[in-house]
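Structure file input-v1.tsv (TSV, C-alpha atoms) follows.
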```tsv
chain	number	residue	atom	x	y	z
A	1	MET	CA	-27.01	11.30	-6.32
A	2	SER	CA	-28.10	11.06	-9.95
A	3	LEU	CA	-27.00	8.14	-12.08
A	4	PRO	CA	-24.53	8.69	-14.94
A	5	ALA	CA	-25.90	8.78	-18.47
A	6	GLY	CA	-23.88	5.84	-19.70
A	7	PRO	CA	-21.05	3.54	-18.63
A	8	VAL	CA	-17.90	4.72	-16.89
A	9	LEU	CA	-14.33	3.53	-17.44
A	10	GLY	CA	-11.59	2.99	-14.86
A	11	VAL	CA	-7.90	2.54	-15.69
A	12	ASP	CA	-5.19	1.29	-13.32
A	13	SER	CA	-1.63	1.67	-14.64
A	14	GLY	CA	1.26	0.47	-12.49
A	15	GLY	CA	4.42	-1.53	-12.30
A	16	SER	CA	2.57	-4.81	-12.67
A	17	GLY	CA	0.82	-3.79	-15.89
A	18	LEU	CA	-2.33	-2.12	-17.18
A	19	ARG	CA	-5.89	-2.95	-16.11
A	20	ILE	CA	-9.17	-1.52	-17.43
A	21	ALA	CA	-12.76	-1.93	-16.26
A	22	LEU	CA	-16.06	-0.68	-17.66
A	23	THR	CA	-19.28	-0.63	-15.68
A	24	ASP	CA	-22.74	0.88	-16.04
A	25	PRO	CA	-23.95	2.15	-12.64
A	26	ARG	CA	-27.54	1.92	-13.92
A	27	THR	CA	-27.32	-1.88	-13.97
A	28	ALA	CA	-26.37	-4.47	-11.39
A	29	GLY	CA	-24.01	-6.45	-13.59
A	30	PRO	CA	-20.31	-6.98	-12.87
A	31	PRO	CA	-17.73	-4.79	-14.61
A	32	LEU	CA	-16.24	-5.82	-17.94
A	33	THR	CA	-12.46	-6.01	-17.62
A	34	TRP	CA	-9.25	-6.22	-19.64
A	35	SER	CA	-5.64	-6.46	-18.49
A	36	SER	CA	-2.08	-6.63	-19.76
A	37	PRO	CA	1.01	-7.57	-17.73
A	38	VAL	CA	3.11	-5.08	-19.73
A	39	PRO	CA	3.56	-1.81	-17.80
A	40	VAL	CA	3.40	1.59	-19.47
A	41	GLY	CA	6.87	3.01	-20.09
A	42	VAL	CA	8.41	6.25	-18.85
A	43	GLY	CA	10.02	8.73	-21.26
A	44	PRO	CA	11.54	12.22	-21.14
A	45	ARG	CA	8.11	13.74	-20.37
A	46	GLY	CA	7.30	11.19	-17.70
A	47	ILE	CA	4.72	8.41	-18.09
A	48	ASP	CA	4.36	7.74	-21.82
A	49	ALA	CA	0.90	8.95	-22.86
A	50	PRO	CA	1.00	7.37	-26.37
A	51	GLY	CA	2.07	4.08	-24.81
A	52	LEU	CA	-0.81	4.17	-22.34
A	53	LEU	CA	-3.31	5.08	-25.04
A	54	GLU	CA	-2.01	2.26	-27.24
A	55	GLY	CA	-3.23	-0.16	-24.59
A	56	VAL	CA	-6.30	1.69	-23.35
A	57	LEU	CA	-8.09	2.76	-26.54
A	58	PRO	CA	-8.47	-0.62	-28.33
A	59	ALA	CA	-9.43	-2.36	-25.09
A	60	ALA	CA	-11.91	0.38	-24.15
A	61	ARG	CA	-13.55	0.22	-27.58
A	62	ASP	CA	-13.91	-3.56	-27.25
A	63	LEU	CA	-15.45	-3.21	-23.78
A	64	LEU	CA	-17.85	-0.52	-24.98
A	65	ALA	CA	-18.89	-2.74	-27.88
A	66	ALA	CA	-19.44	-5.67	-25.53
A	67	ALA	CA	-21.59	-3.43	-23.34
A	68	GLY	CA	-23.57	-2.17	-26.35
A	69	ALA	CA	-22.53	1.43	-25.65
A	70	ALA	CA	-21.18	4.14	-27.92
A	71	HIS	CA	-19.35	6.32	-25.41
A	72	CYS	CA	-18.22	6.70	-21.78
A	73	ALA	CA	-19.91	9.12	-19.42
A	74	ALA	CA	-16.65	9.54	-17.50
A	75	VAL	CA	-13.15	8.10	-17.31
A	76	CYS	CA	-10.71	7.91	-14.40
A	77	VAL	CA	-7.09	7.07	-15.16
A	78	GLY	CA	-5.11	6.09	-12.08
A	79	ALA	CA	-1.37	5.74	-12.60
A	80	ALA	CA	1.67	5.07	-10.48
A	81	GLY	CA	3.88	8.14	-10.74
A	82	MET	CA	1.06	10.48	-11.81
A	83	ALA	CA	1.99	13.02	-9.12
A	84	THR	CA	5.58	13.47	-10.31
A	85	LEU	CA	5.69	11.96	-13.82
A	86	GLY	CA	2.26	12.85	-15.19
A	87	ASP	CA	3.03	15.85	-17.42
A	88	ASP	CA	2.55	13.92	-20.68
A	89	LEU	CA	-0.69	12.35	-19.43
A	90	HIS	CA	-2.07	15.73	-18.33
A	91	ALA	CA	-1.25	17.26	-21.71
A	92	VAL	CA	-2.46	14.47	-23.99
A	93	LEU	CA	-5.19	12.38	-22.37
A	94	PRO	CA	-8.11	14.83	-22.00
A	95	GLY	CA	-8.35	15.67	-25.70
A	96	VAL	CA	-7.78	12.11	-26.93
A	97	LEU	CA	-10.18	10.41	-24.50
A	98	ARG	CA	-12.90	12.93	-25.34
A	99	ALA	CA	-12.40	12.47	-29.06
A	100	GLU	CA	-12.01	8.70	-29.09
A	101	LEU	CA	-14.32	7.55	-26.26
A	102	GLY	CA	-16.76	10.46	-26.05
A	103	ALA	CA	-15.84	11.00	-22.41
A	104	ARG	CA	-17.31	14.28	-21.17
A	105	ARG	CA	-15.58	14.13	-17.80
A	106	LEU	CA	-12.14	12.89	-16.90
A	107	ALA	CA	-10.11	12.40	-13.74
A	108	LEU	CA	-6.34	11.88	-13.76
A	109	ALA	CA	-5.30	10.41	-10.42
A	110	ALA	CA	-2.23	9.16	-8.66
A	111	ASP	CA	-2.51	5.47	-7.85
A	112	ALA	CA	-2.57	6.41	-4.16
A	113	VAL	CA	-5.85	8.26	-4.77
A	114	THR	CA	-7.46	5.32	-6.57
A	115	ALA	CA	-6.16	3.05	-3.79
A	116	TYR	CA	-7.87	5.37	-1.29
A	117	ALA	CA	-11.12	5.37	-3.27
A	118	GLY	CA	-11.02	1.60	-3.63
A	119	ALA	CA	-10.39	1.04	0.08
A	120	LEU	CA	-12.60	3.70	1.70
A	121	GLY	CA	-14.71	5.15	-1.09
A	122	GLN	CA	-15.53	8.76	-0.21
A	123	ARG	CA	-15.25	8.45	3.56
A	124	PRO	CA	-12.73	10.36	5.72
A	125	GLY	CA	-9.64	8.58	6.95
A	126	VAL	CA	-6.27	7.30	5.82
A	127	VAL	CA	-5.19	4.49	3.52
A	128	VAL	CA	-1.73	2.94	3.42
A	129	ALA	CA	-0.99	1.45	0.00
A	130	ALA	CA	1.82	-1.03	0.62
A	131	GLY	CA	3.42	-3.11	-2.09
A	132	THR	CA	6.86	-2.86	-3.65
A	133	GLY	CA	6.68	0.80	-2.51
A	134	LEU	CA	4.62	2.46	0.20
A	135	ILE	CA	2.55	5.63	0.51
A	136	ALA	CA	-0.08	6.81	2.99
A	137	LEU	CA	-2.84	9.20	1.94
A	138	GLY	CA	-5.54	10.77	4.07
A	139	THR	CA	-8.28	13.40	4.04
A	140	ASP	CA	-11.18	14.46	6.25
A	141	LEU	CA	-13.32	15.64	3.28
A	142	ARG	CA	-14.33	18.86	5.01
A	143	PRO	CA	-14.71	21.99	2.85
A	144	GLY	CA	-11.31	23.29	1.87
A	145	ALA	CA	-9.53	20.19	3.12
A	146	GLY	CA	-6.89	18.65	0.90
A	147	TRP	CA	-4.87	15.47	0.90
A	148	ARG	CA	-2.36	14.57	3.61
A	149	ARG	CA	0.49	12.49	2.18
A	150	ALA	CA	3.29	10.57	3.85
A	151	ASP	CA	6.18	8.76	2.12
A	152	GLY	CA	5.94	7.33	-1.38
A	153	TRP	CA	9.40	8.73	-2.16
A	154	GLY	CA	10.85	5.60	-3.77
A	155	HIS	CA	13.22	2.93	-2.52
A	156	LEU	CA	16.26	5.22	-2.34
A	157	LEU	CA	14.65	8.04	-0.36
A	158	GLY	CA	11.77	6.38	1.46
A	159	ASP	CA	9.06	3.75	0.97
A	160	CYS	CA	9.89	2.71	4.53
A	161	GLY	CA	8.23	-0.54	5.53
A	162	SER	CA	7.49	-1.50	1.91
A	163	GLY	CA	8.27	-4.77	0.18
A	164	ALA	CA	11.49	-3.29	-1.22
A	165	TRP	CA	12.44	-2.01	2.24
A	166	ILE	CA	11.80	-5.39	3.89
A	167	GLY	CA	13.64	-7.25	1.15
A	168	ARG	CA	16.65	-4.94	1.33
A	169	ALA	CA	16.79	-5.27	5.15
A	170	GLY	CA	16.60	-9.05	4.82
A	171	LEU	CA	19.41	-9.16	2.28
A	172	GLU	CA	21.52	-6.86	4.42
A	173	ALA	CA	21.08	-9.30	7.32
A	174	ALA	CA	22.16	-12.10	4.99
A	175	MET	CA	25.31	-10.19	4.03
A	176	ARG	CA	26.04	-9.52	7.71
A	177	ALA	CA	25.85	-13.25	8.35
A	178	LEU	CA	28.21	-13.90	5.46
A	179	ASP	CA	30.73	-11.44	6.95
A	180	GLY	CA	30.29	-12.57	10.55
A	181	ARG	CA	29.04	-9.12	11.62
A	182	ASP	CA	26.50	-8.48	14.37
A	183	GLY	CA	22.91	-8.45	13.18
A	184	GLY	CA	23.40	-11.25	10.67
A	185	SER	CA	20.90	-14.03	10.04
A	186	ALA	CA	22.03	-17.45	8.94
A	187	ALA	CA	18.46	-18.33	8.01
A	188	LEU	CA	18.15	-15.31	5.70
A	189	LEU	CA	21.59	-16.05	4.21
A	190	GLN	CA	20.41	-19.55	3.35
A	191	ARG	CA	17.21	-18.24	1.76
A	192	ALA	CA	19.11	-15.57	-0.20
A	193	GLU	CA	21.46	-18.15	-1.65
A	194	ALA	CA	18.53	-20.39	-2.54
A	195	LEU	CA	16.80	-17.54	-4.35
A	196	PHE	CA	19.70	-15.64	-5.94
A	197	GLY	CA	22.71	-17.97	-5.84
A	198	PRO	CA	26.00	-17.03	-4.13
A	199	VAL	CA	25.34	-13.75	-2.35
A	200	CYS	CA	28.74	-12.35	-3.31
A	201	GLY	CA	27.14	-11.85	-6.73
A	202	LEU	CA	24.25	-9.78	-5.39
A	203	PRO	CA	25.84	-6.35	-6.07
A	204	ALA	CA	26.34	-7.21	-9.74
A	205	LEU	CA	22.78	-8.56	-9.88
A	206	LEU	CA	21.09	-5.61	-8.19
A	207	TYR	CA	22.92	-2.38	-8.90
A	208	PRO	CA	22.64	-2.21	-12.72
A	209	ARG	CA	18.95	-3.20	-12.87
A	210	GLN	CA	16.14	-0.76	-13.60
A	211	ASP	CA	13.69	-2.99	-11.70
A	212	ARG	CA	15.81	-3.03	-8.54
A	213	PRO	CA	12.86	-2.27	-6.20
A	214	ALA	CA	10.94	-5.28	-7.53
A	215	VAL	CA	13.98	-7.55	-7.12
A	216	LEU	CA	14.44	-6.37	-3.54
A	217	ALA	CA	10.73	-6.86	-2.83
A	218	SER	CA	10.90	-10.42	-4.14
A	219	PHE	CA	12.87	-11.30	-0.99
A	220	ALA	CA	10.24	-9.92	1.42
A	221	PRO	CA	8.23	-13.20	1.47
A	222	GLU	CA	11.42	-15.02	2.51
A	223	VAL	CA	11.78	-12.65	5.47
A	224	ALA	CA	8.19	-13.42	6.47
A	225	ARG	CA	8.78	-17.18	6.16
A	226	CYS	CA	11.78	-16.97	8.49
A	227	ALA	CA	10.14	-14.67	11.04
A	228	GLY	CA	8.59	-17.48	13.10
A	229	THR	CA	11.96	-18.98	14.02
A	230	ASP	CA	14.49	-16.21	13.34
A	231	ALA	CA	14.69	-13.18	15.64
A	232	ILE	CA	16.41	-11.00	13.03
A	233	ALA	CA	13.68	-11.62	10.45
A	234	ALA	CA	10.98	-11.00	13.07
A	235	GLY	CA	12.70	-7.76	14.04
A	236	ILE	CA	12.72	-6.58	10.41
A	237	LEU	CA	8.97	-7.10	10.16
A	238	ARG	CA	8.41	-5.37	13.49
A	239	ALA	CA	10.43	-2.38	12.24
A	240	ALA	CA	8.47	-2.37	8.97
A	241	ALA	CA	5.22	-2.36	10.95
A	242	GLY	CA	6.44	0.67	12.86
A	243	HIS	CA	7.21	2.51	9.64
A	244	ILE	CA	3.77	1.67	8.24
A	245	ALA	CA	2.04	2.98	11.36
A	246	VAL	CA	4.19	6.15	11.39
A	247	ALA	CA	3.19	6.89	7.78
A	248	ALA	CA	-0.48	6.26	8.58
A	249	ALA	CA	-0.34	8.57	11.60
A	250	ALA	CA	1.36	11.32	9.60
A	251	ALA	CA	-1.27	11.20	6.84
A	252	CYS	CA	-4.33	10.71	9.04
A	253	PRO	CA	-6.42	13.87	9.62
A	254	PRO	CA	-6.21	15.03	13.25
A	255	PRO	CA	-8.96	13.96	15.67
A	256	ASP	CA	-10.47	17.41	16.13
A	257	GLY	CA	-14.10	16.44	15.94
A	258	PRO	CA	-16.44	14.70	13.48
A	259	PRO	CA	-16.43	13.02	11.07
A	260	ALA	CA	-14.95	9.77	12.33
A	261	ARG	CA	-11.69	8.59	10.78
A	262	GLU	CA	-11.04	5.14	9.37
A	263	VAL	CA	-7.70	3.50	8.59
A	264	ALA	CA	-7.30	0.81	5.94
A	265	LEU	CA	-4.40	-1.11	4.44
A	266	THR	CA	-4.23	-2.20	0.83
A	267	GLY	CA	-1.65	-3.61	-1.57
A	268	GLY	CA	0.35	-6.76	-2.23
A	269	LEU	CA	2.42	-6.50	0.97
A	270	LEU	CA	-0.62	-7.73	2.91
A	271	HIS	CA	0.00	-11.16	1.39
A	272	LEU	CA	2.89	-11.59	3.84
A	273	GLY	CA	0.17	-12.41	6.35
A	274	GLU	CA	0.27	-12.56	10.12
A	275	PRO	CA	4.06	-12.20	10.58
A	276	LEU	CA	3.65	-8.63	9.32
A	277	LEU	CA	-0.02	-7.88	9.95
A	278	GLY	CA	0.09	-8.80	13.64
A	279	PRO	CA	2.75	-6.17	14.42
A	280	VAL	CA	1.10	-3.66	12.06
A	281	HIS	CA	-2.22	-3.84	13.89
A	282	GLU	CA	-0.46	-3.43	17.23
A	283	GLU	CA	1.44	-0.38	15.99
A	284	LEU	CA	-1.68	1.18	14.47
A	285	ARG	CA	-3.60	0.81	17.74
A	286	ALA	CA	-0.75	2.51	19.58
A	287	ARG	CA	-0.25	5.40	17.14
A	288	LEU	CA	-3.81	5.94	15.91
A	289	PRO	CA	-6.12	5.24	18.87
A	290	HIS	CA	-8.69	7.69	17.46
A	291	ALA	CA	-8.99	5.90	14.07
A	292	ARG	CA	-11.12	2.84	13.42
A	293	PRO	CA	-9.39	0.02	11.50
A	294	VAL	CA	-11.48	-1.27	8.59
A	295	ALA	CA	-10.91	-3.78	5.81
A	296	ALA	CA	-10.27	-2.30	2.39
A	297	GLN	CA	-13.42	-2.56	0.28
A	298	GLY	CA	-11.65	-2.83	-3.07
A	299	ASP	CA	-8.46	-2.33	-5.05
A	300	PRO	CA	-7.20	0.65	-7.11
A	301	LEU	CA	-9.06	-0.46	-10.24
A	302	GLN	CA	-12.31	-0.48	-8.30
A	303	GLY	CA	-11.25	2.88	-6.91
A	304	ALA	CA	-10.85	4.27	-10.43
A	305	LEU	CA	-14.37	3.09	-11.25
A	306	ARG	CA	-15.69	4.75	-8.08
A	307	VAL	CA	-14.05	8.05	-8.96
A	308	ALA	CA	-15.40	7.91	-12.52
A	309	THR	CA	-18.90	7.05	-11.28
A	310	ALA	CA	-18.93	9.89	-8.76
A	311	LEU	CA	-17.56	12.32	-11.35
A	312	ALA	CA	-20.24	11.41	-13.88
A	313	ALA	CA	-22.94	11.81	-11.24
A	314	ASP	CA	-21.67	15.19	-9.96
A	315	ASP	CA	-20.95	13.57	-6.61
A	316	LEU	CA	-17.14	13.57	-6.39
A	317	MET	CA	-16.16	14.68	-2.87
A	318	LEU	CA	-12.49	13.65	-2.88
A	319	PRO	CA	-10.22	16.72	-2.92
A	320	ALA	CA	-9.10	17.99	-6.31
A	321	ASP	CA	-5.34	18.46	-6.45
A	322	GLY	CA	-3.07	19.52	-9.29
A	323	ALA	CA	-0.77	16.56	-8.77
A	324	LEU	CA	-2.81	13.87	-7.01
A	325	LEU	CA	-6.29	14.27	-8.53
A	326	ARG	CA	-6.89	16.50	-11.52
A	327	VAL	CA	-10.48	16.75	-12.79
A	328	VAL	CA	-11.35	17.85	-16.33
A	329	ARG	CA	-15.00	18.60	-17.02
```

Rendering of file as structure tokens:
Amino acid sequence: MSLPAGPVLGVDSGGSGLRIALTDPRTAGPPLTWSSPVPVGVGPRGIDAPGLLEGVLPAARDLLAAAGAAHCAAVCVGAAGMATLGDDLHAVLPGVLRAELGARRLALAADAVTAYAGALGQRPGVVVAAGTGLIALGTDLRPGAGWRRADGWGHLLGDCGSGAWIGRAGLEAAMRALDGRDGGSAALLQRAEALFGPVCGLPALLYPRQDRPAVLASFAPEVARCAGTDAIAAGILRAAAGHIAVAAAAACPPPDGPPAREVALTGGLLHLGEPLLGPVHEELRARLPHARPVAAQGDPLQGALRVATALAADDLMLPADGALLRVVR
């Protein structure tokens, strides 16, 4: 693999904000980084390209100046919603990033792809990105192979086992306890009232909000805290673990010969710790006996840098895809 002729830029745009990193693969120094907690908005054409550029361009110029460089060899923009809401980004970004940052090569990627690249690099396997939402993505990297995707359909249609899913299940158990119905949890009712106030007000709190998935996910840590002493909470986490393993198995390439497959988990849901991870590892062993569990090497921002580095060096092996990974040379 040849080294890129200049630094490469990685962008990670998601619900928690915008992060940028610049690195020069020819040196051993750490990446230069910038971040903002303000997420990029969504408009009639999907993810707002001018809004993203408003954050990226000044920060990228500052990072290039700090690195003593005049241009980027390659840029990878990873964004949540790229697969379904990326029309504006696809139309606007290539021309602007070439003109403003001198980028000769560009990759526009769904955040699931940059999560994959961050976790496994360019090795075959499957990655489950689990946070407020959940998606599994896999590939075997053989010629002609594409991506295998499972879930990632949002909190109303899917994201089973995600933070929003766990939080919603926990709040439902709290409401069951309030009503005296089977399946209720007094412990979760107590935690819901401590976090949100009287639970009779939850519908008015939740239903009108645009950030409803994040509000639901904020209750997932409470479910994990109760799981050691509350059977209902433990059962919710066990069910979530099953959903996570089902998604991983659906996205994992079949075991029909080499190369070996790896399975990795990444995302904020891992912070729930052993109450969730113990059942997840059990379910993965049962459903994916042919895949080798590995620790994720890095996060989606590091994945964006890896994609940009490989693209600049003519060594990108991850499958190109019109929705998940679009490459502009």

Self-check item: Non-local contacts of stretch 309-317 of chain A (10 Å; all atoms listed in the file; under 6 positions in same chain excluded) as number ranges by chain
Solution: A: 1-10, 23-25, 72-76, 103-107, 121-123, 141-143, 303, 327-329

Exercise. Counting all atoms listed in the file, select every polymer residue within 8 Å of (-10.7, -0.5, -18.1) as defined in the file's coordinates, and provide the selection as a VMD selection string.
Key: chain A and resid 9 to 12 19 to 22 32 to 35 56 59 to 60 63

Could those residues be written to a file, using C-alpha atoms, as a PDB file, in the frame of the given file?
```
ATOM      1  CA  LEU A   9     -14.330   3.530 -17.440  1.00  0.00           C
ATOM      2  CA  GLY A  10     -11.590   2.990 -14.860  1.00  0.00           C
ATOM      3  CA  VAL A  11      -7.900   2.540 -15.690  1.00  0.00           C
ATOM      4  CA  ASP A  12      -5.190   1.290 -13.320  1.00  0.00           C
ATOM      5  CA  ARG A  19      -5.890  -2.950 -16.110  1.00  0.00           C
ATOM      6  CA  ILE A  20      -9.170  -1.520 -17.430  1.00  0.00           C
ATOM      7  CA  ALA A  21     -12.760  -1.930 -16.260  1.00  0.00           C
ATOM      8  CA  LEU A  22     -16.060  -0.680 -17.660  1.00  0.00           C
ATOM      9  CA  LEU A  32     -16.240  -5.820 -17.940  1.00  0.00           C
ATOM     10  CA  THR A  33     -12.460  -6.010 -17.620  1.00  0.00           C
ATOM     11  CA  TRP A  34      -9.250  -6.220 -19.640  1.00  0.00           C
ATOM     12  CA  SER A  35      -5.640  -6.460 -18.490  1.00  0.00           C
ATOM     13  CA  VAL A  56      -6.300   1.690 -23.350  1.00  0.00           C
ATOM     14  CA  ALA A  59      -9.430  -2.360 -25.090  1.00  0.00           C
ATOM     15  CA  ALA A  60     -11.910   0.380 -24.150  1.00  0.00           C
ATOM     16  CA  LEU A  63     -15.450  -3.210 -23.780  1.00  0.00           C
TER      17      LEU A  63
END
```

Quiz item: With all atoms listed in the file as the basis for distance, which of A:Arg148, A:Arg181, A:His90, A:His71 is at the shortest distance from A:Asp48?
Solution: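 For A:Asp48, the nearest of the given residues is A:His90.
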
Quiz item: Out of A:Gly118, A:Pro124, A:Gly95, A:Gly146, which residue has the shortest atom-to-atom distance to A:Leu305 when counting only C-alpha atoms?
Solution: A:Gly118

Quiz item: Pick the closest to A:Ala295 from A:Ala119, A:Leu318, A:Cys160, A:Val42: which is it, counting only C-alpha atoms?
Solution: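 Among the listed residues, the smallest separation from A:Ala295 belongs to A:Ala119.
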
Exercise. Name the residues in contact with A:Ile232 at a cut-off of 8 Å, using all atoms listed in the file, excluding same-chain residues fewer than 4 positions from it; report them as a list in words.
Key: Ala173, Gly183, Gly184, Ser185, Ala227 and Ile236 of chain A

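Considering only C-alpha atoms, the residue among A:Leu288, A:Ala69, A:Ala145, A:Ala28 positioned nearest to A:Asp321 is A:Ala145.
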
Practice problem: Measure the distance from atom CA of A:Ala99 to atom CA of A:Thr84 in Å and round it to one decimal. | Solution: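 A separation of 26.0 Å between them.
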
Practice problem: Determine, counting all atoms listed in the file, which protein, DNA and RNA residues have an atom within 10 Å of an atom of A:Leu57; residues of the same chain fewer than 6 positions away are not included. Present the result as a list of chain:residue names. | Solution: A:Leu63, A:Val96, A:Leu97, A:Glu100, A:Leu101

If I put a ball of radius 8 Å at (-3.8, 6.4, 7.4) in the file's coordinates, which residues poke into it when counting only C-alpha atoms, written as a tab-separated table (two decimals) with C-alpha atoms, in the frame of the given file?
```
chain	number	residue	atom	x	y	z
A	125	GLY	CA	-9.64	8.58	6.95
A	126	VAL	CA	-6.27	7.30	5.82
A	127	VAL	CA	-5.19	4.49	3.52
A	128	VAL	CA	-1.73	2.94	3.42
A	136	ALA	CA	-0.08	6.81	2.99
A	137	LEU	CA	-2.84	9.20	1.94
A	138	GLY	CA	-5.54	10.77	4.07
A	245	ALA	CA	2.04	2.98	11.36
A	247	ALA	CA	3.19	6.89	7.78
A	248	ALA	CA	-0.48	6.26	8.58
A	249	ALA	CA	-0.34	8.57	11.60
A	250	ALA	CA	1.36	11.32	9.60
A	251	ALA	CA	-1.27	11.20	6.84
A	252	CYS	CA	-4.33	10.71	9.04
A	262	GLU	CA	-11.04	5.14	9.37
A	263	VAL	CA	-7.70	3.50	8.59
A	264	ALA	CA	-7.30	0.81	5.94
```

Self-check item: Point-to-point distance from atom CA of A:Asp111 to atom CA of A:Val246, Å rounded to tenths
Solution: 20.4 Å

Quiz prompt | Using all atoms listed in the file: which of A:Asp159, A:Leu277, A:Ile244, A:Val113 has the shortest distance to A:Ala320 | solution =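 Closest to A:Ala320 of all the choices is A:Val113.
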
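Atom CA of A:Arg212 lies 12.9 Å from atom CA of A:Leu171.
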
Practice problem: Would you please work out which residue, of A:Ala323, A:Leu93, A:Leu301, A:Ala217, is nearest to A:Ile166 when using all atoms listed in the file? | Solution: A:Ala217

Excluding A:Pro221 and its own-chain neighbours fewer than 3 positions away, which residues fall within 9 Å of it when counting all atoms listed in the file? Please give them as an mmCIF file with C-alpha atoms, in the frame of the given file.
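Listed below is the output, out.cif:
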```cif
data_model
loop_
_atom_site.group_PDB
_atom_site.id
_atom_site.type_symbol
_atom_site.label_atom_id
_atom_site.label_comp_id
_atom_site.auth_asym_id
_atom_site.auth_seq_id
_atom_site.Cartn_x
_atom_site.Cartn_y
_atom_site.Cartn_z
ATOM 1 C CA GLY A 163 8.270 -4.770 0.180
ATOM 2 C CA ILE A 166 11.800 -5.390 3.890
ATOM 3 C CA GLY A 167 13.640 -7.250 1.150
ATOM 4 C CA ALA A 217 10.730 -6.860 -2.830
ATOM 5 C CA SER A 218 10.900 -10.420 -4.140
ATOM 6 C CA ALA A 224 8.190 -13.420 6.470
ATOM 7 C CA ARG A 225 8.780 -17.180 6.160
ATOM 8 C CA CYS A 226 11.780 -16.970 8.490
ATOM 9 C CA LEU A 269 2.420 -6.500 0.970
ATOM 10 C CA HIS A 271 0.000 -11.160 1.390
ATOM 11 C CA LEU A 272 2.890 -11.590 3.840
#
```

Let me know the centre plus edge lengths, in Å and rounded to one decimal, of a box with edges along x, y and z that contains all listed atoms of stretch 13-21 of chain A and is padded by 3 Å on every side, as lines of an AutoDock Vina configuration file.
```
center_x = -4.2
center_y = -1.6
center_z = -14.9
size_x = 23.2
size_y = 12.5
size_z = 11.1
```
